[in-house]
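Notes follow the structure.
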Amino acid sequence: MNPFYHKKGQNAIYRTNARLDVLPFNSFSVGQNSVIEDYAVVNNGMGHVHIGDNTFVGLYDVVIGPVTIGNSVIIAQHVVISGLNHGYENVHIPIKDQPCNTAEIIIEDECWIGANAVVTAGVRIGKHSVVAAGSIVTKDVPPYSIVGGNPAKLLKRYNFETATWERALSTKI
């Protein structure tokens with residue numbers, strides 16, 4: 001990691017077996033007191049990766065930019081967060097030879113992304129939301145929501161008037 005291009009916050013930890021594929025032409029930062037666990041892969045080759053303060057990136061996670069992850073976020077094990085998509089439109093060219101496109105993923109503060117979840121390019125996950133284990137998130141998640149499934153659907157929302165988590169009347173996100 002090059003300190004001229006990349007920023008590591010105070011007390012941030014990269015475990016010994018974490019793989020940081022960080023290149024100087026895109027930014028990379030990790031906030032203070034954050035942890036990137038063993039066998040996690042972080043790649044900024046296709047776009048920036050910014051991880052906030054007090055955030056935990058779990059075992060075997062994959063984070064491919066462009067991605068912005070807020071403060072106090074928990075990302076459980078085996079999660080894939082990829083702002084990258086491969087082109088496939090031209091049937092006369094192998095997919096591996098077609099240009100890639102990107103769309104930034106934003107995970108706001110205080111979220112919890114459950115084990116084995118996938119967050120696809122261009123998605124925003126709102127503040128203090130939960131993505132259930134094994135979910136595939138293809139659309140934006142409103143703040144203070146719980147989503148789950150494939151594709152992820154709205155399960156609950158926090159009601160500030162009653163101070164309770166309530167089952168969603170509509171599962172559409």
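Lettering and numbering for the structure tokens are positional, with chains as A, B, ... in the shown order, residues counted from 1 in each chain, and ligands counted from 1 in the shown order.
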
Exercise for the section: Would you list the contacts of Asp97 (chain A) as a PyMOL selection string, taking every protein, DNA or RNA residue within 10 Å and counting only C-alpha atoms, but skipping same-chain residues closer than 3 positions in sequence? Expected result: chain A and resi 86-88+93-94+100

Those same residues, written as a PDB file, in the first residue's frame with N, CA and C atoms?
```pdb
ATOM      1  N   HIS A  86     -19.227  -7.208 -16.179  1.00  0.00           N
ATOM      2  CA  HIS A  86     -18.615  -7.530 -17.463  1.00  0.00           C
ATOM      3  C   HIS A  86     -19.611  -7.260 -18.582  1.00  0.00           C
ATOM      4  N   GLY A  87     -19.114  -6.734 -19.700  1.00  0.00           N
ATOM      5  CA  GLY A  87     -19.956  -6.573 -20.873  1.00  0.00           C
ATOM      6  C   GLY A  87     -20.229  -7.936 -21.499  1.00  0.00           C
ATOM      7  N   TYR A  88     -21.368  -8.065 -22.137  1.00  0.00           N
ATOM      8  CA  TYR A  88     -21.737  -9.334 -22.756  1.00  0.00           C
ATOM      9  C   TYR A  88     -22.548  -9.127 -24.036  1.00  0.00           C
ATOM     10  N   ILE A  93     -17.990 -11.429 -29.737  1.00  0.00           N
ATOM     11  CA  ILE A  93     -16.763 -11.263 -28.949  1.00  0.00           C
ATOM     12  C   ILE A  93     -16.952 -12.022 -27.632  1.00  0.00           C
ATOM     13  N   PRO A  94     -15.955 -12.836 -27.234  1.00  0.00           N
ATOM     14  CA  PRO A  94     -16.077 -13.520 -25.943  1.00  0.00           C
ATOM     15  C   PRO A  94     -16.303 -12.505 -24.816  1.00  0.00           C
ATOM     16  N   CYS A 100     -15.600  -3.748 -19.517  1.00  0.00           N
ATOM     17  CA  CYS A 100     -16.346  -3.775 -18.269  1.00  0.00           C
ATOM     18  C   CYS A 100     -16.985  -2.412 -18.038  1.00  0.00           C
TER      19      CYS A 100
END
```

Practice task
Write out as a count of residues only which residues come within 8 Å of Pro142 (chain A) when counting only C-alpha atoms, dropping same-chain ones fewer than 4 positions away.
Solution key: 5

Handout entry: Best match for closeness to Arg124 (chain A) among A:Thr138, A:Asn33, A:Asn17, A:Ser27, counting only C-alpha atoms
Key =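 Selected residue with least distance to Arg124 (chain A): A:Thr138.
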
Fill in the blank from the handout: The residue from A:Ser72, A:Thr120, A:Ser135, A:Ser29 with the smallest atom-to-atom distance to Ile51 (chain A), counting only C-alpha atoms, is A:Ser29

Handout entry: Distance criterion (only C-alpha atoms): nearest to Asn26 (chain A) out of A:Thr68, A:Asn44, A:Gln77, A:Thr171
Key = A:Asn44

Completion exercise
For Ile81 (chain A), the closest of A:Asn54, A:Asn43, A:Ser170, A:Ile95 counting only C-alpha atoms is A:Asn43

Problem - Nearest residue to Tyr14 (chain A) from the set A:Thr55, A:Val130, A:Gly47, A:Ile105 (distances using only C-alpha atoms) - result: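 The shortest atom-to-atom distance to Tyr14 (chain A) comes from A:Thr55.
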
Exercise for the section: Give me, please, the distance in Å between CA of Gly58 (chain A) and CA of Trp112 (chain A), quoted to one decimal. Expected result: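 Computing the Euclidean distance for CA of Gly58 (chain A) and CA of Trp112 (chain A) yields 11.2 Å.
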
Practice task
Within 12 Å of Leu20 (chain A), counting only C-alpha atoms, which residues show up once you throw out same-chain ones fewer than 4 positions away? Write them as a VMD selection string, please.
Solution key: chain A and resid 1 to 2 6 14 to 16 28 to 30 36 to 45 49 61 to 64

Practice task
Could you tell me which of A:Val22, A:Val137, A:Ile106, A:Val57 comes closest to Gly149 (chain A) if we count only C-alpha atoms?
Solution key: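 The closest residue to Gly149 (chain A) is A:Val137.
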
Problem - Between CA of Val131 (chain A) and CA of Ile146 (chain A) - distance in Å to one decimal - result: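 So the answer is 6.0 Å.
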
Using only C-alpha atoms, determine which residues lie at most 10 Å from Tyr158 (chain A), disregarding the query and same-chain residues fewer than 3 positions distant; provide the list as an mmCIF file with C-alpha atoms, in the first residue's frame.
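Saved as result32.cif:
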```cif
data_model
loop_
_atom_site.group_PDB
_atom_site.id
_atom_site.type_symbol
_atom_site.label_atom_id
_atom_site.label_comp_id
_atom_site.auth_asym_id
_atom_site.auth_seq_id
_atom_site.Cartn_x
_atom_site.Cartn_y
_atom_site.Cartn_z
ATOM 1 C CA HIS A 128 -28.845 1.226 9.756
ATOM 2 C CA SER A 129 -30.191 -1.387 7.349
ATOM 3 C CA PRO A 143 -32.648 3.427 5.451
ATOM 4 C CA TYR A 144 -33.728 1.538 8.585
ATOM 5 C CA SER A 145 -34.872 -1.526 6.637
ATOM 6 C CA ILE A 146 -34.336 -5.267 6.673
ATOM 7 C CA GLU A 161 -43.430 6.713 15.841
ATOM 8 C CA THR A 162 -43.885 3.337 17.568
ATOM 9 C CA ALA A 163 -40.139 2.698 18.096
ATOM 10 C CA THR A 164 -40.503 -0.836 16.699
ATOM 11 C CA TRP A 165 -39.424 -2.860 13.696
ATOM 12 C CA GLU A 166 -42.576 -3.636 11.709
ATOM 13 C CA ARG A 167 -43.276 -6.115 8.962
ATOM 14 C CA ALA A 168 -43.303 -4.336 5.603
#
```

Practice task
Name the residues of chain A that fall into strand (DSSP E) according to DSSP on the backbone, using the chain letters and numbers of this document, as number ranges by chain.
Solution key: A: 6-8, 13-14, 19-21, 28-30, 35-36, 41-43, 49-51, 56-57, 62-64, 67-69, 74-75, 80-82, 84-86, 100-102, 105-107, 112-113, 118-119, 124-125, 130-131, 136-137, 145-148, 153-159, 164-167

Practice task
Name the residues in contact with Val79 (chain A) at a cut-off of 8 Å, using only C-alpha atoms, excluding same-chain residues fewer than 5 positions from it; report them as a ChimeraX atom specification.
Solution key: /A:58,60-62,113-118

Next, the residues of the selection above should be written as a tab-separated table (two decimals), in the first residue's frame with C-alpha atoms.
```tsv
chain	number	residue	atom	x	y	z
A	58	GLY	CA	-15.16	-10.23	7.34
A	60	TYR	CA	-13.26	-14.24	2.71
A	61	ASP	CA	-15.15	-11.08	1.68
A	62	VAL	CA	-14.61	-9.59	-1.79
A	113	ILE	CA	-24.50	-7.26	5.68
A	114	GLY	CA	-25.14	-10.94	6.51
A	115	ALA	CA	-22.97	-13.89	5.53
A	116	ASN	CA	-22.90	-15.00	1.88
A	117	ALA	CA	-24.77	-11.92	0.65
A	118	VAL	CA	-24.07	-10.34	-2.76
```

Fill in the blank from the handout: A straight line from CA of Pro24 (chain A) to CA of Ile69 (chain A) spans 19.5 Å
